[in-house]
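Quick look at run_32.cif (mmCIF, C-alpha atoms and all ligand atoms):
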data_structure
loop_
_atom_site.group_PDB
_atom_site.id
_atom_site.type_symbol
_atom_site.label_atom_id
_atom_site.label_comp_id
_atom_site.auth_asym_id
_atom_site.auth_seq_id
_atom_site.Cartn_x
_atom_site.Cartn_y
_atom_site.Cartn_z
ATOM 1 C CA MET A 24 0.000 0.000 0.000
ATOM 2 C CA VAL A 25 1.164 3.519 -0.606
ATOM 3 C CA ALA A 26 0.125 6.506 1.434
ATOM 4 C CA HIS A 27 -2.895 7.412 -0.675
ATOM 5 C CA ASP A 28 -4.508 4.022 -0.097
ATOM 6 C CA CYS A 29 -4.139 4.084 3.634
ATOM 7 C CA PRO A 30 -7.005 5.388 5.760
ATOM 8 C CA SER A 31 -4.648 5.728 8.732
ATOM 9 C CA ASP A 32 -2.370 8.002 6.778
ATOM 10 C CA SER A 33 -5.305 9.912 5.434
ATOM 11 C CA LEU A 34 -6.299 10.899 8.970
ATOM 12 C CA THR A 35 -2.997 12.576 9.739
ATOM 13 C CA ARG A 36 -2.338 14.190 6.392
ATOM 14 C CA PRO A 37 -4.829 17.040 6.803
ATOM 15 C CA SER A 38 -3.282 17.890 10.177
ATOM 16 C CA VAL A 39 0.176 17.890 8.665
ATOM 17 C CA GLU A 40 -1.052 19.934 5.753
ATOM 18 C CA ASN A 41 -2.197 22.717 7.949
ATOM 19 C CA TYR A 42 -5.927 22.464 8.249
ATOM 20 C CA SER A 43 -5.690 22.870 11.951
ATOM 21 C CA MET A 44 -2.189 24.204 12.338
ATOM 22 C CA GLY A 45 -1.192 27.620 13.500
ATOM 23 C CA GLY A 46 2.025 29.618 13.367
ATOM 24 C CA ARG A 47 4.643 27.061 12.462
ATOM 25 C CA SER A 48 5.738 26.236 8.943
ATOM 26 C CA ARG A 49 4.688 22.771 7.897
ATOM 27 C CA SER A 50 8.162 21.904 6.643
ATOM 28 C CA SER A 51 9.280 21.734 10.261
ATOM 29 C CA VAL A 52 6.936 18.845 10.875
ATOM 30 C CA LYS A 53 7.892 15.764 8.987
ATOM 31 C CA ALA A 54 5.364 13.106 8.348
ATOM 32 C CA SER A 55 7.778 10.367 7.481
ATOM 33 C CA VAL A 56 5.531 7.902 5.756
ATOM 34 C CA ASN A 57 7.408 4.754 4.893
ATOM 35 C CA ALA A 58 10.328 5.756 7.113
ATOM 36 C CA ASN A 59 10.663 2.300 8.560
ATOM 37 C CA ARG A 60 10.036 0.173 5.526
ATOM 38 C CA LYS A 61 12.912 -2.028 4.455
ATOM 39 C CA LYS A 62 12.121 -1.608 0.787
ATOM 40 C CA SER A 63 12.576 1.803 -0.796
ATOM 41 C CA LYS A 64 13.875 3.809 2.127
ATOM 42 C CA LYS A 65 14.863 6.513 -0.320
ATOM 43 C CA LYS A 66 11.337 6.609 -1.646
ATOM 44 C CA GLY A 67 10.050 7.108 1.881
ATOM 45 C CA LEU A 68 12.392 9.997 2.247
ATOM 46 C CA ASN A 69 11.010 11.605 -0.877
ATOM 47 C CA ALA A 70 7.483 11.040 0.299
ATOM 48 C CA ASN A 71 8.540 12.925 3.356
ATOM 49 C CA ARG A 72 8.020 16.405 1.977
ATOM 50 C CA GLY A 73 11.690 17.272 2.155
ATOM 51 C CA GLY A 74 12.293 15.789 5.590
ATOM 52 C CA SER A 75 15.184 13.533 6.430
ATOM 53 C CA LEU A 76 14.960 10.056 7.850
ATOM 54 C CA PRO A 77 15.957 9.439 11.445
ATOM 55 C CA SER A 78 19.393 7.833 11.779
ATOM 56 C CA ASP A 79 17.946 4.507 12.899
ATOM 57 C CA PRO A 80 14.406 4.149 11.579
ATOM 58 C CA GLN A 81 14.032 0.622 13.006
ATOM 59 C CA GLU A 82 14.703 1.882 16.488
ATOM 60 C CA LYS A 83 12.661 5.065 16.180
ATOM 61 C CA PHE A 84 9.667 3.362 14.610
ATOM 62 C CA PRO A 85 9.536 -0.167 16.024
ATOM 63 C CA GLN A 86 5.925 -0.511 14.916
ATOM 64 C CA HIS A 87 6.785 -0.481 11.192
ATOM 65 C CA THR A 88 3.519 1.178 10.254
ATOM 66 C CA LYS A 89 2.618 4.344 8.513
ATOM 67 C CA PRO A 90 1.878 7.076 9.084
ATOM 68 C CA ALA A 91 4.862 7.871 11.273
ATOM 69 C CA LEU A 92 5.880 11.300 12.425
ATOM 70 C CA GLU A 93 9.229 12.846 13.177
ATOM 71 C CA ASP A 94 9.148 16.254 14.796
ATOM 72 C CA ASN A 95 12.324 17.647 16.285
ATOM 73 C CA GLY A 96 13.544 14.411 17.805
ATOM 74 C CA LEU A 97 10.081 13.093 18.626
ATOM 75 C CA TYR A 98 9.138 9.892 16.831
ATOM 76 C CA LEU A 99 5.554 8.816 16.786
ATOM 77 C CA ALA A 100 3.491 6.089 15.145
ATOM 78 C CA GLU A 101 -0.298 5.557 15.294
ATOM 79 C CA SER A 102 -2.421 7.921 13.241
ATOM 80 C CA ARG A 103 -4.704 8.945 16.102
ATOM 81 C CA SER A 104 -1.872 9.802 18.456
ATOM 82 C CA ILE A 105 -0.075 11.675 15.674
ATOM 83 C CA ALA A 106 -3.168 13.764 15.004
ATOM 84 C CA MET A 107 -3.681 14.359 18.756
ATOM 85 C CA TYR A 108 -0.100 15.551 19.038
ATOM 86 C CA LEU A 109 -0.146 17.797 15.967
ATOM 87 C CA ILE A 110 -3.358 19.480 17.017
ATOM 88 C CA SER A 111 -2.284 19.861 20.664
ATOM 89 C CA LYS A 112 1.008 21.358 19.642
ATOM 90 C CA TYR A 113 0.296 23.393 16.537
ATOM 91 C CA ALA A 114 -3.402 24.064 16.068
ATOM 92 C CA LYS A 115 -4.634 27.650 16.009
ATOM 93 C CA ASP A 116 -7.140 26.750 18.724
ATOM 94 C CA ASP A 117 -8.099 23.659 20.680
ATOM 95 C CA SER A 118 -11.526 23.060 19.161
ATOM 96 C CA LEU A 119 -10.563 19.832 17.365
ATOM 97 C CA TYR A 120 -8.870 18.394 20.437
ATOM 98 C CA PRO A 121 -9.866 20.402 23.547
ATOM 99 C CA LYS A 122 -7.443 21.182 26.335
ATOM 100 C CA ASP A 123 -10.229 21.011 28.934
ATOM 101 C CA VAL A 124 -9.927 17.515 30.404
ATOM 102 C CA ASN A 125 -13.673 16.951 30.668
ATOM 103 C CA LYS A 126 -14.144 17.819 27.011
ATOM 104 C CA ARG A 127 -11.003 16.069 25.850
ATOM 105 C CA VAL A 128 -11.888 12.767 27.468
ATOM 106 C CA LEU A 129 -15.073 12.609 25.403
ATOM 107 C CA VAL A 130 -12.971 12.917 22.259
ATOM 108 C CA ASP A 131 -10.538 10.301 23.584
ATOM 109 C CA GLN A 132 -13.378 7.908 24.298
ATOM 110 C CA ARG A 133 -14.617 8.183 20.722
ATOM 111 C CA LEU A 134 -11.067 7.763 19.401
ATOM 112 C CA PHE A 135 -10.706 4.492 21.313
ATOM 113 C CA PHE A 136 -14.078 3.452 19.926
ATOM 114 C CA ASP A 137 -12.808 4.387 16.477
ATOM 115 C CA GLN A 138 -9.730 2.170 16.802
ATOM 116 C CA ASP A 139 -11.977 -0.775 17.625
ATOM 117 C CA LEU A 140 -14.358 0.067 14.776
ATOM 118 C CA TYR A 141 -11.476 0.415 12.336
ATOM 119 C CA ASN A 142 -10.094 -2.981 13.343
ATOM 120 C CA ARG A 143 -13.507 -4.498 12.620
ATOM 121 C CA ILE A 144 -13.629 -2.734 9.254
ATOM 122 C CA PHE A 145 -10.099 -3.868 8.498
ATOM 123 C CA ASN A 146 -11.162 -7.506 8.932
ATOM 124 C CA VAL A 147 -13.638 -6.977 6.098
ATOM 125 C CA PHE A 148 -11.334 -4.847 3.992
ATOM 126 C CA ARG A 149 -8.100 -6.854 4.264
ATOM 127 C CA PRO A 150 -9.237 -10.147 2.635
ATOM 128 C CA LYS A 151 -9.866 -8.270 -0.619
ATOM 129 C CA PHE A 152 -6.115 -7.730 -0.998
ATOM 130 C CA TYR A 153 -5.372 -11.390 -0.504
ATOM 131 C CA GLY A 154 -8.204 -12.785 -2.607
ATOM 132 C CA GLU A 155 -9.764 -14.317 0.494
ATOM 133 C CA GLN A 156 -13.413 -14.629 1.510
ATOM 134 C CA VAL A 157 -14.751 -12.357 4.210
ATOM 135 C CA ASP A 158 -16.487 -14.316 6.932
ATOM 136 C CA THR A 159 -19.997 -13.253 7.822
ATOM 137 C CA GLY A 160 -19.011 -12.865 11.491
ATOM 138 C CA SER A 161 -16.666 -10.004 10.537
ATOM 139 C CA ILE A 162 -19.459 -8.308 8.583
ATOM 140 C CA ASP A 163 -21.811 -8.649 11.562
ATOM 141 C CA LYS A 164 -19.227 -7.079 13.840
ATOM 142 C CA VAL A 165 -18.925 -4.018 11.610
ATOM 143 C CA ASN A 166 -22.701 -3.691 11.460
ATOM 144 C CA GLU A 167 -22.874 -3.891 15.261
ATOM 145 C CA GLY A 168 -20.233 -1.154 15.444
ATOM 146 C CA LEU A 169 -22.285 0.984 13.068
ATOM 147 C CA GLU A 170 -25.373 0.525 15.215
ATOM 148 C CA THR A 171 -23.370 1.740 18.216
ATOM 149 C CA LEU A 172 -22.133 4.715 16.232
ATOM 150 C CA ASN A 173 -25.678 5.509 15.219
ATOM 151 C CA ARG A 174 -26.720 5.520 18.885
ATOM 152 C CA MET A 175 -23.795 7.792 19.762
ATOM 153 C CA LEU A 176 -25.068 10.288 17.209
ATOM 154 C CA ASP A 177 -28.654 10.211 18.401
ATOM 155 C CA GLY A 178 -29.870 13.808 18.693
ATOM 156 C CA LYS A 179 -26.304 15.073 18.116
ATOM 157 C CA GLN A 180 -24.567 17.004 15.387
ATOM 158 C CA TRP A 181 -21.102 15.731 16.307
ATOM 159 C CA LEU A 182 -19.579 12.761 18.075
ATOM 160 C CA ALA A 183 -18.040 14.509 21.078
ATOM 161 C CA GLY A 184 -19.476 17.749 22.341
ATOM 162 C CA ASP A 185 -21.163 20.468 20.327
ATOM 163 C CA LYS A 186 -18.410 21.096 17.776
ATOM 164 C CA ILE A 187 -16.636 18.996 15.220
ATOM 165 C CA THR A 188 -13.558 17.319 16.716
ATOM 166 C CA LEU A 189 -10.815 14.937 15.765
ATOM 167 C CA ALA A 190 -13.184 12.112 16.744
ATOM 168 C CA ASP A 191 -15.527 12.978 13.873
ATOM 169 C CA TYR A 192 -12.667 13.033 11.385
ATOM 170 C CA ALA A 193 -11.202 9.790 12.697
ATOM 171 C CA VAL A 194 -14.447 7.821 12.568
ATOM 172 C CA ALA A 195 -15.548 9.237 9.202
ATOM 173 C CA ASN A 196 -12.128 8.383 7.867
ATOM 174 C CA SER A 197 -12.402 4.802 9.105
ATOM 175 C CA LEU A 198 -15.816 4.448 7.463
ATOM 176 C CA SER A 199 -14.373 5.568 4.130
ATOM 177 C CA ALA A 200 -12.570 2.196 3.900
ATOM 178 C CA LEU A 201 -15.986 0.558 3.518
ATOM 179 C CA GLU A 202 -16.467 2.287 0.172
ATOM 180 C CA PHE A 203 -13.764 -0.001 -1.117
ATOM 181 C CA VAL A 204 -15.693 -3.161 -0.245
ATOM 182 C CA PRO A 205 -19.256 -2.557 -1.509
ATOM 183 C CA GLU A 206 -19.603 -6.322 -2.059
ATOM 184 C CA SER A 207 -19.671 -6.734 1.727
ATOM 185 C CA GLY A 208 -23.133 -5.156 1.662
ATOM 186 C CA ILE A 209 -22.165 -2.912 4.567
ATOM 187 C CA ASP A 210 -23.619 0.522 4.082
ATOM 188 C CA PRO A 211 -23.116 2.967 6.953
ATOM 189 C CA THR A 212 -25.733 5.280 5.490
ATOM 190 C CA LYS A 213 -28.426 2.701 6.258
ATOM 191 C CA GLN A 214 -28.139 4.104 9.775
ATOM 192 C CA PRO A 215 -30.124 7.360 9.740
ATOM 193 C CA ASN A 216 -27.927 9.369 12.122
ATOM 194 C CA ILE A 217 -24.750 8.317 10.299
ATOM 195 C CA LYS A 218 -26.391 9.236 6.997
ATOM 196 C CA GLU A 219 -26.922 12.799 8.178
ATOM 197 C CA TRP A 220 -23.607 13.129 9.976
ATOM 198 C CA LEU A 221 -21.231 11.852 7.269
ATOM 199 C CA PRO A 222 -21.819 14.646 4.723
ATOM 200 C CA ARG A 223 -21.665 17.128 7.604
ATOM 201 C CA VAL A 224 -18.120 15.956 8.404
ATOM 202 C CA GLU A 225 -17.098 15.728 4.776
ATOM 203 C CA SER A 226 -18.131 19.284 3.987
ATOM 204 C CA SER A 227 -16.770 20.746 7.242
ATOM 205 C CA HIS A 228 -13.370 21.616 5.805
ATOM 206 C CA PRO A 229 -12.053 21.643 2.225
ATOM 207 C CA LYS A 230 -8.812 19.870 3.236
ATOM 208 C CA TYR A 231 -10.745 16.943 4.624
ATOM 209 C CA GLY A 232 -12.832 16.664 1.459
ATOM 210 C CA GLU A 233 -9.603 16.739 -0.599
ATOM 211 C CA SER A 234 -7.995 14.097 1.549
ATOM 212 C CA LEU A 235 -10.982 11.792 1.114
ATOM 213 C CA LYS A 236 -10.893 12.345 -2.626
ATOM 214 C CA GLU A 237 -7.229 11.285 -2.729
ATOM 215 C CA LEU A 238 -7.981 8.229 -0.661
ATOM 216 C CA ARG A 239 -10.832 7.230 -2.989
ATOM 217 C CA GLU A 240 -8.592 7.687 -6.028
ATOM 218 C CA GLY A 241 -5.917 5.552 -4.349
ATOM 219 C CA PHE A 242 -8.464 2.806 -3.697
ATOM 220 C CA LYS A 243 -9.631 2.948 -7.305
ATOM 221 C CA LYS A 244 -6.068 2.548 -8.587
ATOM 222 C CA MET A 245 -5.554 -0.423 -6.306
ATOM 223 C CA GLU A 246 -8.708 -2.021 -7.615
ATOM 224 C CA GLN A 247 -7.504 -1.641 -11.199
ATOM 225 C CA LYS A 248 -4.209 -3.437 -10.438
HETATM 226 N N1 LIG A 301 -3.313 1.693 14.062
HETATM 227 C C1 LIG A 301 -2.341 2.153 13.110
HETATM 228 C C2 LIG A 301 -2.453 1.313 11.855
HETATM 229 C C3 LIG A 301 -1.411 1.703 10.857
HETATM 230 C C4 LIG A 301 -1.286 0.693 9.740
HETATM 231 O O1 LIG A 301 -1.627 -0.498 9.879
HETATM 232 N N2 LIG A 301 -0.807 1.147 8.627
HETATM 233 C C5 LIG A 301 -0.615 0.253 7.522
HETATM 234 C C6 LIG A 301 -0.873 0.965 6.218
HETATM 235 S S1 LIG A 301 -2.557 1.509 6.097
HETATM 236 C C7 LIG A 301 0.831 -0.186 7.493
HETATM 237 O O2 LIG A 301 1.734 0.594 7.695
HETATM 238 N N3 LIG A 301 1.024 -1.458 7.233
HETATM 239 C C8 LIG A 301 2.354 -1.977 7.140
HETATM 240 C C9 LIG A 301 2.898 -1.844 5.774
HETATM 241 O O3 LIG A 301 2.224 -1.298 4.881
HETATM 242 O O4 LIG A 301 4.049 -2.268 5.589
HETATM 243 C C10 LIG A 301 -2.550 3.630 12.782
HETATM 244 O O5 LIG A 301 -3.682 4.107 12.899
HETATM 245 O O6 LIG A 301 -1.572 4.321 12.449
#

Render the structure in this file as structure tokens.
Amino acid sequence: MVAHDCPSDSLTRPSVENYSMGGRSRSSVKASVNANRKKSKKKGLNANRGGSLPSDPQEKFPQHTKPALEDNGLYLAESRSIAMYLISKYAKDDSLYPKDVNKRVLVDQRLFFDQDLYNRIFNVFRPKFYGEQVDTGSIDKVNEGLETLNRMLDGKQWLAGDKITLADYAVANSLSALEFVPESGIDPTKQPNIKEWLPRVESSHPKYGESLKELREGFKKMEQK
């Protein structure tokens, strides 16, 4: 997979690309996608928007996943934690990831929920790449997750609090992977609250819409291979 096909990378890219960032130039924050991959280290470096690789990528990024972030000696994997860090450190304000602990914990809760939901979605999404059958149990688990999400959105505009937050972007981003497996029959928009909320998230910021478009194009290219 390259960056454009990876929902995890897609979550962090808008943060890196400034949609929530304040004063600091984005070249000082290096999203080192691929930094730890054995193959094509040089390629990873190019994908890094001019950044340089850490001296020992294996040690700095033991997880071997992308996205991975290097920022002034800080090395971080996991898309959600990268986004939490970038927003906490560089955002113009704290609306996407509030500083107030009582507000923040609601976002955190949804982000943990999102990780679980994404893992369920991944179990439906992954077999497609290996020509394997998806088991119906995995499909049921995603549908159960979507029912929970629908309940979370009951009577609400956004997932955590009364403004859009990182939680909305993270979950919407995870759901986008389902577009790639229509044959699974899973359709998040069958859930009425999700149906109303998804376009709300998508149209909330042009960078997010762009990022989704890139992801969809990446998926399409993969399908054609
Ligand atoms: N929970 C991680 C998952 C990251 C992940 O699995 N990334 C995939 C690409 S989408 C990856 O790097 N797989 C290993 C590989 O491609 O070599 C996150 O959100 O960052």

- Message: Ranking A:Val157, A:Leu176, A:Leu129, A:Ala195 by minimum distance to Ser234 of chain A and counting all atoms listed in the file, which one comes first?
- Response: A:Ala195

- Task: Name the residues in contact with Gln132 of chain A at a cut-off of 12 Å, using only C-alpha atoms, excluding same-chain residues fewer than 3 positions from it; report them as a PyMOL selection string.
- Result: chain A and resi 103+124-129+135-139+175+182-184+189-191+193-194

- Message: as a ChimeraX atom specification, please: the residues near Thr212 of chain A (cut-off 9 Å, all atoms listed in the file, same-chain neighbours under 6 positions excluded).
- Response: /A:218-219,221

Write out the residues from the selection above, keeping C-alpha atoms, as a JSON list (two decimals), in the coordinates of the input.
[["chain", "number", "residue", "atom", "x", "y", "z"],
["A", 218, "LYS", "CA", -26.39, 9.24, 7.00],
["A", 219, "GLU", "CA", -26.92, 12.80, 8.18],
["A", 221, "LEU", "CA", -21.23, 11.85, 7.27]]

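From atom CA of Val165 of chain A back to atom CA of Ile187 of chain A, the distance works out to 23.4 Å.
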
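Using all atoms listed in the file, the nearest neighbour of ligand LIG 301 (chain A) within the list A:Asn146, A:Thr88, A:Thr35, A:Asn95 is A:Thr88.
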